[in-house]
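In what follows, a structure is listed as structure tokens, so that the remarks can point back to it.
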Amino acid sequence: MVHGHSHNHGGAGGCEHGAQGAQGEEMGLAYSLYQRIDMSGLECLNETEEDSVKHIFIPWENRLQKEKWVESDADEELLINIPFTGNVKLKGIIIIGGEEETHPDEVRLFKNRPKMTFDEAKGEPDQKFSLVRDTDGTVEYKTKIVKFSSVHHLTLHFPSNFGDDKTKLYYIGLSGEWTKADRVGVVHTVYETMPGIEDHKQDLMDGGVKHGPGPAF
């Protein structure tokens with residue numbers, strides 16, 4: 001479950017606008033793992049419209065779009081299988097859900113379990129979060145770094161919402177690092193996050209929620 005919150009605040013006085021802009025750029029870089037998803041293998045079980053899940057893994061700066069979304073079909077459950085093009089160290093997740101009760105109230109994470117089904121998702125997840133309603137993408141759910149240090153496939157199971165028959169998702173953001181092995185076995189690491197003291201702190205964290213900066217203006 002989720003434990004603890006941390007808060008970020010912009011600079012004081014005339015520096016506030018610049019600080020928010022810098023934070024926006026940092027968030028955009030951090031949440032760029034959508035570029036490392038194998039879109040041909042991305043799938044969502046119980047979605048109303050086939051392949052609609054591909055519309056919610058987009059740049060962080062486009063997260064407030066409301067033209068495209070994923071909506072559950074038969075009931076409120078959604079199961080998203082996400083293959084990556086290399087190995088990922090997953091550090092955080094942002095989830096923007098639908099209006100009112102259609103927003104999911106829980107997400108369960110499974111690593112390296114390709115093509116998971118709803119029956120398989122009944123098992124114990126590697127980590128789970130109780131979600132809050134987030135309409136602007138300012139809530140970060142921090143994963144247990146040790147557990148998610150080498151992920152080539154991620155499954156997100158949304159078992160329920162805040163009371164509606166349907167669950168709706170507008171945006172899912174993934175942050176972390178991506179590694180790729182070339183033909184001679186040399187591993188190259190691409191840092192998707194900007195280095196800083198928060199990265200060092202995060203390696204010691206045991207999972208939690210972080211309220212990030214709002215939209216950069």
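Residues are named by chain letter and number: chains run A, B, ... in the order of the structure tokens, numbers start at 1 in each chain, and ligands are numbered from 1 in the order shown.
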Proximity of stretch 108-171 of chain A to stretch 56-76 of chain A: per-residue shortest pair, 6 Å limit, only C-alpha atoms, as a tab-separated table:
```
residue	atom	partner	partner_atom	distance
A:Ser160	CA	A:Glu76	CA	5.7
A:Asp165	CA	A:Glu76	CA	5.4
A:Lys166	CA	A:Glu76	CA	4.5
A:Thr167	CA	A:Glu76	CA	5.0
A:Lys168	CA	A:Glu71	CA	4.4
A:Leu169	CA	A:Val70	CA	5.1
A:Tyr170	CA	A:Trp69	CA	4.6
A:Tyr171	CA	A:Ile56	CA	4.5
```
Selection to disk with N, CA, C and O atoms, as a PDB file, in the first residue's frame:
```
ATOM      1  N   SER A 160     -10.764  -1.931  -9.807  1.00  0.00           N
ATOM      2  CA  SER A 160     -11.983  -1.247  -9.386  1.00  0.00           C
ATOM      3  C   SER A 160     -11.827   0.264  -9.524  1.00  0.00           C
ATOM      4  O   SER A 160     -10.737   0.775  -9.817  1.00  0.00           O
ATOM      5  N   ASP A 165     -19.775   1.862 -13.110  1.00  0.00           N
ATOM      6  CA  ASP A 165     -19.729   0.583 -13.826  1.00  0.00           C
ATOM      7  C   ASP A 165     -18.555   0.525 -14.795  1.00  0.00           C
ATOM      8  O   ASP A 165     -18.145  -0.562 -15.209  1.00  0.00           O
ATOM      9  N   LYS A 166     -18.050   1.679 -15.187  1.00  0.00           N
ATOM     10  CA  LYS A 166     -16.954   1.769 -16.155  1.00  0.00           C
ATOM     11  C   LYS A 166     -15.759   2.476 -15.536  1.00  0.00           C
ATOM     12  O   LYS A 166     -15.907   3.393 -14.728  1.00  0.00           O
ATOM     13  N   THR A 167     -14.562   2.054 -15.944  1.00  0.00           N
ATOM     14  CA  THR A 167     -13.331   2.729 -15.549  1.00  0.00           C
ATOM     15  C   THR A 167     -12.746   3.446 -16.757  1.00  0.00           C
ATOM     16  O   THR A 167     -12.746   2.909 -17.870  1.00  0.00           O
ATOM     17  N   LYS A 168     -12.232   4.647 -16.533  1.00  0.00           N
ATOM     18  CA  LYS A 168     -11.742   5.473 -17.634  1.00  0.00           C
ATOM     19  C   LYS A 168     -10.332   5.986 -17.313  1.00  0.00           C
ATOM     20  O   LYS A 168     -10.049   6.390 -16.181  1.00  0.00           O
ATOM     21  N   LEU A 169      -9.457   5.954 -18.320  1.00  0.00           N
ATOM     22  CA  LEU A 169      -8.085   6.436 -18.177  1.00  0.00           C
ATOM     23  C   LEU A 169      -7.759   7.394 -19.315  1.00  0.00           C
ATOM     24  O   LEU A 169      -8.003   7.092 -20.482  1.00  0.00           O
ATOM     25  N   TYR A 170      -7.170   8.549 -18.966  1.00  0.00           N
ATOM     26  CA  TYR A 170      -6.734   9.521 -19.970  1.00  0.00           C
ATOM     27  C   TYR A 170      -5.217   9.478 -20.194  1.00  0.00           C
ATOM     28  O   TYR A 170      -4.742   9.775 -21.290  1.00  0.00           O
ATOM     29  N   TYR A 171      -4.488   9.128 -19.147  1.00  0.00           N
ATOM     30  CA  TYR A 171      -3.022   9.217 -19.260  1.00  0.00           C
ATOM     31  C   TYR A 171      -2.365   8.293 -18.240  1.00  0.00           C
ATOM     32  O   TYR A 171      -2.819   8.194 -17.090  1.00  0.00           O
TER      33      TYR A 171
END
```
**OP:** Determine, counting only C-alpha atoms, which protein, DNA and RNA residues have an atom within 12 Å of an atom of A:Arg108; residues of the same chain fewer than 6 positions away are not included. Present the result as an MDAnalysis selection string.
**Re:** chainID A and resid 1:2 77:81 93 118 121:131 141 143 154:160
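Atom pair atom CA of A:Asp119 / atom CA of A:Glu43: separated by 16.1 Å.
Non-sequential neighbours of stretch 26-41 of chain A (distance at most 6 Å, separation of 6 or more positions within a chain, only C-alpha atoms) are Phe57, Trp60, Pro83, Phe84, Thr85, Gly173, Leu174, Ser175, Glu192 and Thr193 of chain A.
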Written selection (N, CA, C and O atoms) as an mmCIF file, in the first residue's frame:
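out_27.cif, freshly written:
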```
data_model
loop_
_atom_site.group_PDB
_atom_site.id
_atom_site.type_symbol
_atom_site.label_atom_id
_atom_site.label_comp_id
_atom_site.auth_asym_id
_atom_site.auth_seq_id
_atom_site.Cartn_x
_atom_site.Cartn_y
_atom_site.Cartn_z
ATOM 1 N N PHE A 57 -0.486 6.585 -23.612
ATOM 2 C CA PHE A 57 0.953 6.623 -23.332
ATOM 3 C C PHE A 57 1.560 7.687 -24.236
ATOM 4 O O PHE A 57 1.998 7.408 -25.358
ATOM 5 N N TRP A 60 4.414 13.740 -21.331
ATOM 6 C CA TRP A 60 3.888 14.321 -20.097
ATOM 7 C C TRP A 60 3.217 15.662 -20.357
ATOM 8 O O TRP A 60 2.161 15.959 -19.773
ATOM 9 N N PRO A 83 4.944 -4.212 -22.919
ATOM 10 C CA PRO A 83 6.303 -4.696 -23.196
ATOM 11 C C PRO A 83 7.226 -3.518 -23.520
ATOM 12 O O PRO A 83 6.821 -2.568 -24.189
ATOM 13 N N PHE A 84 8.457 -3.589 -23.031
ATOM 14 C CA PHE A 84 9.432 -2.543 -23.317
ATOM 15 C C PHE A 84 10.428 -3.035 -24.370
ATOM 16 O O PHE A 84 10.581 -4.233 -24.596
ATOM 17 N N THR A 85 11.123 -2.088 -24.989
ATOM 18 C CA THR A 85 12.101 -2.418 -26.018
ATOM 19 C C THR A 85 13.480 -2.717 -25.432
ATOM 20 O O THR A 85 14.432 -2.936 -26.173
ATOM 21 N N GLY A 173 1.680 7.787 -17.099
ATOM 22 C CA GLY A 173 3.072 8.175 -17.260
ATOM 23 C C GLY A 173 3.984 7.221 -16.503
ATOM 24 O O GLY A 173 3.665 6.797 -15.395
ATOM 25 N N LEU A 174 5.109 6.879 -17.120
ATOM 26 C CA LEU A 174 6.085 5.973 -16.508
ATOM 27 C C LEU A 174 7.446 6.663 -16.495
ATOM 28 O O LEU A 174 7.910 7.162 -17.523
ATOM 29 N N SER A 175 8.099 6.673 -15.330
ATOM 30 C CA SER A 175 9.430 7.279 -15.241
ATOM 31 C C SER A 175 10.461 6.234 -14.827
ATOM 32 O O SER A 175 10.145 5.260 -14.147
ATOM 33 N N GLU A 192 16.534 8.495 -18.065
ATOM 34 C CA GLU A 192 15.331 9.229 -18.425
ATOM 35 C C GLU A 192 14.997 10.294 -17.385
ATOM 36 O O GLU A 192 14.118 11.103 -17.573
ATOM 37 N N THR A 193 15.719 10.274 -16.249
ATOM 38 C CA THR A 193 15.481 11.283 -15.220
ATOM 39 C C THR A 193 16.705 12.158 -15.096
ATOM 40 O O THR A 193 17.819 11.740 -15.359
#
```
Subject >> Picked from stretch 7-98 of chain A by DSSP as alpha helix (DSSP H), as a PyMOL selection string >> reply: chain A and resi 16-30
Residues as selected, N, CA and C atoms, written as a PDB file, in the first residue's frame, can you do that?
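This went into out_2.pdb:
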```pdb
ATOM      1  N   GLU A  16       9.381  32.224  -8.965  1.00  0.00           N
ATOM      2  CA  GLU A  16       8.440  31.110  -8.950  1.00  0.00           C
ATOM      3  C   GLU A  16       8.135  30.608 -10.359  1.00  0.00           C
ATOM      4  N   HIS A  17       7.903  31.518 -11.287  1.00  0.00           N
ATOM      5  CA  HIS A  17       7.558  31.111 -12.647  1.00  0.00           C
ATOM      6  C   HIS A  17       8.685  30.305 -13.283  1.00  0.00           C
ATOM      7  N   GLY A  18       9.922  30.779 -13.103  1.00  0.00           N
ATOM      8  CA  GLY A  18      11.062  30.074 -13.666  1.00  0.00           C
ATOM      9  C   GLY A  18      11.254  28.706 -13.040  1.00  0.00           C
ATOM     10  N   ALA A  19      11.036  28.619 -11.731  1.00  0.00           N
ATOM     11  CA  ALA A  19      11.178  27.338 -11.042  1.00  0.00           C
ATOM     12  C   ALA A  19      10.155  26.341 -11.546  1.00  0.00           C
ATOM     13  N   GLN A  20       8.921  26.787 -11.742  1.00  0.00           N
ATOM     14  CA  GLN A  20       7.886  25.899 -12.242  1.00  0.00           C
ATOM     15  C   GLN A  20       8.195  25.434 -13.656  1.00  0.00           C
ATOM     16  N   GLY A  21       8.756  26.342 -14.461  1.00  0.00           N
ATOM     17  CA  GLY A  21       9.117  25.959 -15.813  1.00  0.00           C
ATOM     18  C   GLY A  21      10.197  24.891 -15.829  1.00  0.00           C
ATOM     19  N   ALA A  22      11.196  25.058 -14.960  1.00  0.00           N
ATOM     20  CA  ALA A  22      12.272  24.062 -14.866  1.00  0.00           C
ATOM     21  C   ALA A  22      11.735  22.727 -14.379  1.00  0.00           C
ATOM     22  N   GLN A  23      10.819  22.770 -13.413  1.00  0.00           N
ATOM     23  CA  GLN A  23      10.218  21.539 -12.903  1.00  0.00           C
ATOM     24  C   GLN A  23       9.412  20.849 -14.000  1.00  0.00           C
ATOM     25  N   GLY A  24       8.739  21.639 -14.820  1.00  0.00           N
ATOM     26  CA  GLY A  24       7.976  21.064 -15.927  1.00  0.00           C
ATOM     27  C   GLY A  24       8.875  20.340 -16.905  1.00  0.00           C
ATOM     28  N   GLU A  25      10.017  20.947 -17.230  1.00  0.00           N
ATOM     29  CA  GLU A  25      10.969  20.298 -18.126  1.00  0.00           C
ATOM     30  C   GLU A  25      11.496  19.010 -17.521  1.00  0.00           C
ATOM     31  N   GLU A  26      11.778  19.043 -16.224  1.00  0.00           N
ATOM     32  CA  GLU A  26      12.297  17.858 -15.552  1.00  0.00           C
ATOM     33  C   GLU A  26      11.261  16.734 -15.562  1.00  0.00           C
ATOM     34  N   MET A  27      10.005  17.074 -15.316  1.00  0.00           N
ATOM     35  CA  MET A  27       8.958  16.064 -15.340  1.00  0.00           C
ATOM     36  C   MET A  27       8.805  15.468 -16.738  1.00  0.00           C
ATOM     37  N   GLY A  28       8.901  16.315 -17.753  1.00  0.00           N
ATOM     38  CA  GLY A  28       8.793  15.832 -19.118  1.00  0.00           C
ATOM     39  C   GLY A  28       9.890  14.834 -19.463  1.00  0.00           C
ATOM     40  N   LEU A  29      11.109  15.094 -18.977  1.00  0.00           N
ATOM     41  CA  LEU A  29      12.222  14.171 -19.206  1.00  0.00           C
ATOM     42  C   LEU A  29      12.050  12.894 -18.392  1.00  0.00           C
ATOM     43  N   ALA A  30      11.627  13.059 -17.157  1.00  0.00           N
ATOM     44  CA  ALA A  30      11.488  11.904 -16.274  1.00  0.00           C
ATOM     45  C   ALA A  30      10.435  10.930 -16.788  1.00  0.00           C
TER      46      ALA A  30
END
```
**OP:** Write out as a VMD selection string each polymer residue whose atoms come within 7 Å of A:Ile96, counting only C-alpha atoms; drop sequence neighbours fewer than 2 positions from it.
**Re:** chain A and resid 94 98 134 to 137 169 to 172
Original post:
Any idea what the distance is between atom CA of A:Glu50 and atom CA of A:Phe148?
Top reply: 28.6 Å
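Atom CA of A:Lys111 sits 15.7 Å away from atom CA of A:Cys44.
Each of A:Lys89, A:Lys147, A:Lys180, A:His152 was compared to A:Arg113 using only C-alpha atoms, and A:His152 turns out to be the nearest.
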Original post:
Would you give me, as a ChimeraX atom specification, the residues in stretch 37-200 of chain A that DSSP reads as strand (DSSP E or B)?
Top reply: /A:37,43-45,47,70-72,78-97,104,106-111,127-130,139-142,151-158,161,168-181,187-191
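When only C-alpha atoms are used to measure the gap to A:Lys91, the shortest distance among A:Ser149, A:Asn46, A:Thr117, A:Asn112 belongs to A:Ser149.
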**OP:** Excluding A:Glu101 and residues on its chain fewer than 6 positions from it, collect all residues at most 8 Å away from it, counting only C-alpha atoms, and give them as a PyMOL selection string.
**Re:** chain A and resi 161-164
Store the residues picked out above, limited to C-alpha atoms, as a PDB file, in the first residue's frame.
```pdb
ATOM      1  CA  ASN A 161     -12.908   2.436  -9.365  1.00  0.00           C
ATOM      2  CA  PHE A 162     -14.739   4.891  -7.121  1.00  0.00           C
ATOM      3  CA  GLY A 163     -18.175   3.411  -7.793  1.00  0.00           C
ATOM      4  CA  ASP A 164     -19.005   3.528 -11.520  1.00  0.00           C
TER       5      ASP A 164
END
```
